[in-house]
$ cat work_36.pdb   # PDB, C-alpha atoms, pLDDT in the B column
MODEL        1
ATOM      1  CA  MET A   1      10.480   6.197  17.920  1.00 62.00           C
ATOM      2  CA  SER A   2       7.651   6.293  15.393  1.00 83.00           C
ATOM      3  CA  TRP A   3       7.700   5.649  11.673  1.00 90.00           C
ATOM      4  CA  GLU A   4       7.413   8.442   9.119  1.00 94.00           C
ATOM      5  CA  VAL A   5       5.167   7.910   6.098  1.00 95.00           C
ATOM      6  CA  ARG A   6       5.744   9.154   2.546  1.00 96.00           C
ATOM      7  CA  GLN A   7       3.480   8.717  -0.455  1.00 96.00           C
ATOM      8  CA  THR A   8       4.725   7.818  -3.891  1.00 94.00           C
ATOM      9  CA  ARG A   9       3.279   9.663  -6.840  1.00 94.00           C
ATOM     10  CA  ARG A  10       1.337   6.565  -7.913  1.00 93.00           C
ATOM     11  CA  PHE A  11      -0.264   6.238  -4.469  1.00 95.00           C
ATOM     12  CA  SER A  12      -1.303   9.909  -4.303  1.00 96.00           C
ATOM     13  CA  ARG A  13      -2.919   9.768  -7.766  1.00 95.00           C
ATOM     14  CA  ILE A  14      -4.946   6.688  -6.813  1.00 95.00           C
ATOM     15  CA  TYR A  15      -5.814   8.017  -3.335  1.00 97.00           C
ATOM     16  CA  LYS A  16      -7.328  11.275  -4.563  1.00 96.00           C
ATOM     17  CA  LYS A  17      -9.702   9.359  -6.867  1.00 96.00           C
ATOM     18  CA  LEU A  18     -11.125   7.215  -4.042  1.00 96.00           C
ATOM     19  CA  HIS A  19     -14.543   7.870  -2.516  1.00 95.00           C
ATOM     20  CA  ASP A  20     -14.496   9.519   0.898  1.00 96.00           C
ATOM     21  CA  ASN A  21     -15.574   6.415   2.818  1.00 96.00           C
ATOM     22  CA  VAL A  22     -12.933   4.242   1.117  1.00 96.00           C
ATOM     23  CA  ALA A  23     -10.297   6.935   1.722  1.00 96.00           C
ATOM     24  CA  ALA A  24     -11.209   6.894   5.427  1.00 97.00           C
ATOM     25  CA  ASP A  25     -10.648   3.118   5.504  1.00 97.00           C
ATOM     26  CA  VAL A  26      -7.292   3.605   3.740  1.00 97.00           C
ATOM     27  CA  ASP A  27      -6.333   6.157   6.418  1.00 97.00           C
ATOM     28  CA  GLU A  28      -7.140   3.596   9.127  1.00 97.00           C
ATOM     29  CA  ALA A  29      -5.059   0.991   7.289  1.00 96.00           C
ATOM     30  CA  VAL A  30      -2.109   3.403   7.103  1.00 96.00           C
ATOM     31  CA  GLN A  31      -2.378   3.999  10.856  1.00 95.00           C
ATOM     32  CA  ALA A  32      -2.343   0.228  11.444  1.00 95.00           C
ATOM     33  CA  VAL A  33       0.740  -0.144   9.244  1.00 95.00           C
ATOM     34  CA  MET A  34       2.511   2.715  11.045  1.00 94.00           C
ATOM     35  CA  ALA A  35       2.087   0.887  14.360  1.00 92.00           C
ATOM     36  CA  ASN A  36       4.118  -2.137  13.249  1.00 90.00           C
ATOM     37  CA  PRO A  37       4.956  -2.255   9.524  1.00 92.00           C
ATOM     38  CA  ASN A  38       7.257  -5.290   9.513  1.00 89.00           C
ATOM     39  CA  ILE A  39       4.746  -7.567  11.238  1.00 91.00           C
ATOM     40  CA  ILE A  40       1.302  -6.454  10.066  1.00 93.00           C
ATOM     41  CA  GLY A  41       1.989  -6.702   6.324  1.00 93.00           C
ATOM     42  CA  GLU A  42       2.824  -9.789   4.303  1.00 95.00           C
ATOM     43  CA  GLN A  43       6.135  -9.606   2.444  1.00 94.00           C
ATOM     44  CA  LYS A  44       5.919 -10.705  -1.169  1.00 93.00           C
ATOM     45  CA  LYS A  45       8.332 -12.985  -2.999  1.00 93.00           C
ATOM     46  CA  GLY A  46       9.932 -12.928  -6.436  1.00 89.00           C
ATOM     47  CA  ASP A  47       9.730  -9.754  -8.508  1.00 86.00           C
ATOM     48  CA  LEU A  48       7.959  -7.875  -5.717  1.00 89.00           C
ATOM     49  CA  SER A  49      10.193  -9.043  -2.855  1.00 91.00           C
ATOM     50  CA  GLN A  50      10.646  -5.502  -1.480  1.00 92.00           C
ATOM     51  CA  LEU A  51       6.881  -4.997  -1.207  1.00 94.00           C
ATOM     52  CA  PHE A  52       4.750  -5.557   1.885  1.00 96.00           C
ATOM     53  CA  VAL A  53       0.969  -5.856   1.473  1.00 97.00           C
ATOM     54  CA  TYR A  54      -1.646  -5.119   4.119  1.00 97.00           C
ATOM     55  CA  LYS A  55      -5.156  -6.426   3.385  1.00 97.00           C
ATOM     56  CA  PHE A  56      -8.299  -4.694   4.630  1.00 96.00           C
ATOM     57  CA  ARG A  57     -11.989  -4.519   3.770  1.00 96.00           C
ATOM     58  CA  SER A  58     -13.930  -1.491   2.599  1.00 94.00           C
ATOM     59  CA  GLN A  59     -17.439  -1.475   1.123  1.00 92.00           C
ATOM     60  CA  ASN A  60     -17.559  -5.301   1.339  1.00 94.00           C
ATOM     61  CA  GLN A  61     -14.552  -5.506  -0.973  1.00 94.00           C
ATOM     62  CA  LEU A  62     -10.998  -6.611  -0.243  1.00 96.00           C
ATOM     63  CA  TYR A  63      -8.436  -3.821  -0.693  1.00 96.00           C
ATOM     64  CA  LEU A  64      -4.667  -4.087  -0.632  1.00 97.00           C
ATOM     65  CA  LEU A  65      -2.210  -1.462   0.587  1.00 97.00           C
ATOM     66  CA  GLY A  66       1.261  -1.947  -0.876  1.00 96.00           C
ATOM     67  CA  TYR A  67       4.221  -0.360   0.898  1.00 97.00           C
ATOM     68  CA  THR A  68       7.977  -0.647   1.366  1.00 95.00           C
ATOM     69  CA  CYS A  69       9.998  -0.008   4.515  1.00 94.00           C
ATOM     70  CA  ASP A  70      13.419   1.507   5.131  1.00 92.00           C
ATOM     71  CA  ASP A  71      14.365   0.297   8.614  1.00 90.00           C
ATOM     72  CA  SER A  72      17.546   2.375   8.874  1.00 91.00           C
ATOM     73  CA  VAL A  73      15.652   5.698   8.811  1.00 92.00           C
ATOM     74  CA  ARG A  74      12.259   4.294   9.953  1.00 93.00           C
ATOM     75  CA  LEU A  75      10.463   5.387   6.801  1.00 96.00           C
ATOM     76  CA  ILE A  76       7.410   3.809   5.139  1.00 96.00           C
ATOM     77  CA  TYR A  77       6.777   4.452   1.442  1.00 97.00           C
ATOM     78  CA  LEU A  78       3.142   3.968   0.432  1.00 97.00           C
ATOM     79  CA  GLU A  79       3.418   2.481  -3.049  1.00 95.00           C
ATOM     80  CA  THR A  80      -0.167   1.756  -4.120  1.00 94.00           C
ATOM     81  CA  VAL A  81      -3.664   0.929  -2.940  1.00 96.00           C
ATOM     82  CA  GLY A  82      -6.567  -0.729  -4.690  1.00 94.00           C
ATOM     83  CA  PRO A  83      -8.995  -3.611  -4.871  1.00 93.00           C
ATOM     84  CA  HIS A  84      -7.573  -7.125  -4.995  1.00 90.00           C
ATOM     85  CA  GLU A  85      -8.612  -7.653  -8.608  1.00 89.00           C
ATOM     86  CA  ASN A  86      -5.527  -7.352 -10.865  1.00 88.00           C
ATOM     87  CA  PHE A  87      -3.562  -5.597  -8.081  1.00 90.00           C
ATOM     88  CA  TYR A  88      -0.319  -7.519  -8.588  1.00 88.00           C
ATOM     89  CA  ARG A  89      -0.538  -7.561 -12.387  1.00 88.00           C
ATOM     90  CA  ASP A  90      -0.933  -3.778 -12.544  1.00 86.00           C
ATOM     91  CA  LEU A  91       1.836  -3.254  -9.999  1.00 86.00           C
ATOM     92  CA  LYS A  92       4.266  -5.390 -11.986  1.00 85.00           C
ATOM     93  CA  ARG A  93       3.421  -3.535 -15.192  1.00 84.00           C
ATOM     94  CA  GLN A  94       3.993  -0.143 -13.617  1.00 79.00           C
ATOM     95  CA  SER A  95       7.237  -1.186 -11.927  1.00 72.00           C
ATOM     96  CA  LYS A  96       8.732  -2.256 -15.290  1.00 71.00           C
ATOM     97  CA  ARG A  97       8.400   1.272 -16.664  1.00 65.00           C
TER      98      ARG A  97
ENDMDL
END
$ encode --input "work_36.pdb" --output "structure tokens"
Amino acid sequence: MSWEVRQTRRFSRIYKKLHDNVAADVDEAVQAVMANPNIIGEQKKGDLSQLFVYKFRSQNQLYLLGYTCDDSVRLIYLETVGPHENFYRDLKRQSKR
């Protein structure tokens, strides 16, 4: 049984602003996560303990794809995507709102 993917509003706003070649790399990263989400991503600790992060390169820059999983219904929520710089700081700020 395969995993279903849903985008959060934050993810969709960021995704539509990406350049086409970066968006294509994000699509490949999502496909990789769909194959095995609990193993491929690194689970965070502390405030972001529900978040998994998958790291990939695009345009010679490290990007992070943040997602959460619901194993009971096999659902992946794409939370955010962006370059490594200030990724966690911005995510913490937005999650406090």
$ closest_atom_pairs --input "work_36.pdb" --of "stretch 6-30 of chain A" --to "stretch 56-77 of chain A" --cutoff "9 Å" --atoms "only C-alpha atoms" --output "JSON lines"
{"residue": "A:Arg6", "atom": "CA", "partner": "A:Tyr77", "partner_atom": "CA", "distance": 4.9}
{"residue": "A:Gln7", "atom": "CA", "partner": "A:Tyr77", "partner_atom": "CA", "distance": 5.7}
{"residue": "A:Thr8", "atom": "CA", "partner": "A:Tyr77", "partner_atom": "CA", "distance": 6.6}
{"residue": "A:Asn21", "atom": "CA", "partner": "A:Ser58", "partner_atom": "CA", "distance": 8.1}
{"residue": "A:Val22", "atom": "CA", "partner": "A:Ser58", "partner_atom": "CA", "distance": 6.0}
{"residue": "A:Asp25", "atom": "CA", "partner": "A:Ser58", "partner_atom": "CA", "distance": 6.4}
{"residue": "A:Val26", "atom": "CA", "partner": "A:Leu65", "partner_atom": "CA", "distance": 7.8}
{"residue": "A:Ala29", "atom": "CA", "partner": "A:Phe56", "partner_atom": "CA", "distance": 7.1}
{"residue": "A:Val30", "atom": "CA", "partner": "A:Leu65", "partner_atom": "CA", "distance": 8.1}
$ write_last_selection --input "work_36.pdb" --atoms "C-alpha atoms" --output "mmCIF file, keeping the file's coordinate frame"
data_model
loop_
_atom_site.group_PDB
_atom_site.id
_atom_site.type_symbol
_atom_site.label_atom_id
_atom_site.label_comp_id
_atom_site.auth_asym_id
_atom_site.auth_seq_id
_atom_site.Cartn_x
_atom_site.Cartn_y
_atom_site.Cartn_z
ATOM 1 C CA ARG A 6 5.744 9.154 2.546
ATOM 2 C CA GLN A 7 3.480 8.717 -0.455
ATOM 3 C CA THR A 8 4.725 7.818 -3.891
ATOM 4 C CA ASN A 21 -15.574 6.415 2.818
ATOM 5 C CA VAL A 22 -12.933 4.242 1.117
ATOM 6 C CA ASP A 25 -10.648 3.118 5.504
ATOM 7 C CA VAL A 26 -7.292 3.605 3.740
ATOM 8 C CA ALA A 29 -5.059 0.991 7.289
ATOM 9 C CA VAL A 30 -2.109 3.403 7.103
#
$ closest_atom_pairs --input "work_36.pdb" --of "stretch 75-97 of chain A" --to "stretch 31-51 of chain A" --cutoff "12 Å" --atoms "all atoms listed in the file" --output "JSON lines"
{"residue": "A:Leu75", "atom": "CA", "partner": "A:Met34", "partner_atom": "CA", "distance": 9.4}
{"residue": "A:Ile76", "atom": "CA", "partner": "A:Met34", "partner_atom": "CA", "distance": 7.8}
{"residue": "A:Tyr77", "atom": "CA", "partner": "A:Leu51", "partner_atom": "CA", "distance": 9.8}
{"residue": "A:Leu78", "atom": "CA", "partner": "A:Leu51", "partner_atom": "CA", "distance": 9.9}
{"residue": "A:Glu79", "atom": "CA", "partner": "A:Leu51", "partner_atom": "CA", "distance": 8.4}
{"residue": "A:Thr80", "atom": "CA", "partner": "A:Leu51", "partner_atom": "CA", "distance": 10.2}
{"residue": "A:Phe87", "atom": "CA", "partner": "A:Leu48", "partner_atom": "CA", "distance": 12.0}
{"residue": "A:Tyr88", "atom": "CA", "partner": "A:Leu48", "partner_atom": "CA", "distance": 8.8}
{"residue": "A:Arg89", "atom": "CA", "partner": "A:Leu48", "partner_atom": "CA", "distance": 10.8}
{"residue": "A:Asp90", "atom": "CA", "partner": "A:Leu48", "partner_atom": "CA", "distance": 11.9}
{"residue": "A:Leu91", "atom": "CA", "partner": "A:Leu48", "partner_atom": "CA", "distance": 8.8}
{"residue": "A:Lys92", "atom": "CA", "partner": "A:Leu48", "partner_atom": "CA", "distance": 7.7}
{"residue": "A:Arg93", "atom": "CA", "partner": "A:Asp47", "partner_atom": "CA", "distance": 11.1}
{"residue": "A:Gln94", "atom": "CA", "partner": "A:Leu48", "partner_atom": "CA", "distance": 11.7}
{"residue": "A:Ser95", "atom": "CA", "partner": "A:Leu48", "partner_atom": "CA", "distance": 9.2}
{"residue": "A:Lys96", "atom": "CA", "partner": "A:Asp47", "partner_atom": "CA", "distance": 10.2}
$ atom_distance --input "work_36.pdb" --atom1 "atom CA of A:Ile14" --atom2 "atom CA of A:Val53"
16.2 Å
$ axis_aligned_box --input "work_36.pdb" --around "stretch 78-91 of chain A" --padding-each-side "8 Å" --output "AutoDock Vina command-line options"
--center_x -2.8 --center_y -1.8 --center_z -6.1 --size_x 28.4 --size_y 27.6 --size_z 29.0
$ atom_distance --input "work_36.pdb" --atom1 "atom CA of A:His84" --atom2 "atom CA of A:Arg9"
20.1 Å
$ atom_distance --input "work_36.pdb" --atom1 "atom CA of A:Lys55" --atom2 "atom CA of A:Arg13"
19.8 Å
$ build_atoms --input "work_36.pdb" --residues "stretch 21-32 of chain A" --atoms "all heavy atoms" --output "CSV table (one decimal), in the coordinates of the input"
chain,number,residue,atom,x,y,z
A,21,ASN,N,-15.5,7.5,1.8
A,21,ASN,CA,-15.6,6.4,2.8
A,21,ASN,C,-14.5,5.4,2.6
A,21,ASN,O,-13.9,4.8,3.6
A,21,ASN,CB,-17.0,5.8,2.8
A,21,ASN,CG,-17.4,5.4,1.4
A,21,ASN,OD1,-16.7,5.6,0.5
A,21,ASN,ND2,-18.7,4.9,1.4
A,22,VAL,N,-14.1,5.1,1.4
A,22,VAL,CA,-12.9,4.2,1.1
A,22,VAL,C,-11.6,4.9,1.6
A,22,VAL,O,-10.8,4.3,2.1
A,22,VAL,CB,-12.9,3.8,-0.4
A,22,VAL,CG1,-11.7,3.0,-0.7
A,22,VAL,CG2,-14.1,3.1,-0.8
A,23,ALA,N,-11.5,6.2,1.3
A,23,ALA,CA,-10.3,6.9,1.7
A,23,ALA,C,-10.2,6.9,3.2
A,23,ALA,O,-9.0,6.8,3.8
A,23,ALA,CB,-10.4,8.4,1.2
A,24,ALA,N,-11.3,7.0,4.0
A,24,ALA,CA,-11.2,6.9,5.4
A,24,ALA,C,-10.7,5.5,5.9
A,24,ALA,O,-9.9,5.4,6.8
A,24,ALA,CB,-12.6,7.2,6.0
A,25,ASP,N,-11.1,4.5,5.2
A,25,ASP,CA,-10.6,3.1,5.5
A,25,ASP,C,-9.2,3.0,5.2
A,25,ASP,O,-8.4,2.3,5.9
A,25,ASP,CB,-11.5,2.1,4.8
A,25,ASP,CG,-12.9,2.0,5.3
A,25,ASP,OD1,-13.1,2.3,6.4
A,25,ASP,OD2,-13.8,1.5,4.5
A,26,VAL,N,-8.7,3.6,4.1
A,26,VAL,CA,-7.3,3.6,3.7
A,26,VAL,C,-6.5,4.3,4.8
A,26,VAL,O,-5.4,3.8,5.2
A,26,VAL,CB,-7.1,4.3,2.4
A,26,VAL,CG1,-5.6,4.4,2.1
A,26,VAL,CG2,-7.7,3.4,1.3
A,27,ASP,N,-7.0,5.4,5.3
A,27,ASP,CA,-6.3,6.2,6.4
A,27,ASP,C,-6.2,5.3,7.7
A,27,ASP,O,-5.1,5.3,8.3
A,27,ASP,CB,-7.1,7.4,6.8
A,27,ASP,CG,-7.1,8.5,5.7
A,27,ASP,OD1,-6.2,8.4,4.8
A,27,ASP,OD2,-7.9,9.4,5.7
A,28,GLU,N,-7.2,4.5,8.0
A,28,GLU,CA,-7.1,3.6,9.1
A,28,GLU,C,-6.1,2.5,8.9
A,28,GLU,O,-5.4,2.1,9.8
A,28,GLU,CB,-8.5,3.0,9.4
A,28,GLU,CG,-9.5,3.9,10.0
A,28,GLU,CD,-10.9,3.2,10.1
A,28,GLU,OE1,-11.0,2.0,10.2
A,28,GLU,OE2,-11.9,4.0,10.3
A,29,ALA,N,-6.0,2.0,7.6
A,29,ALA,CA,-5.1,1.0,7.3
A,29,ALA,C,-3.6,1.5,7.4
A,29,ALA,O,-2.7,0.8,7.9
A,29,ALA,CB,-5.3,0.5,5.9
A,30,VAL,N,-3.4,2.8,7.0
A,30,VAL,CA,-2.1,3.4,7.1
A,30,VAL,C,-1.7,3.5,8.6
A,30,VAL,O,-0.6,3.3,8.9
A,30,VAL,CB,-2.1,4.8,6.4
A,30,VAL,CG1,-0.8,5.5,6.7
A,30,VAL,CG2,-2.2,4.6,4.9
A,31,GLN,N,-2.7,3.9,9.4
A,31,GLN,CA,-2.4,4.0,10.9
A,31,GLN,C,-2.0,2.6,11.4
A,31,GLN,O,-1.1,2.5,12.3
A,31,GLN,CB,-3.6,4.6,11.6
A,31,GLN,CG,-3.9,6.0,11.3
A,31,GLN,CD,-2.7,6.9,11.7
A,31,GLN,OE1,-2.1,6.8,12.7
A,31,GLN,NE2,-2.5,7.9,10.8
A,32,ALA,N,-2.7,1.6,11.0
A,32,ALA,CA,-2.3,0.2,11.4
A,32,ALA,C,-0.9,-0.2,11.0
A,32,ALA,O,-0.2,-0.8,11.8
A,32,ALA,CB,-3.4,-0.8,10.9
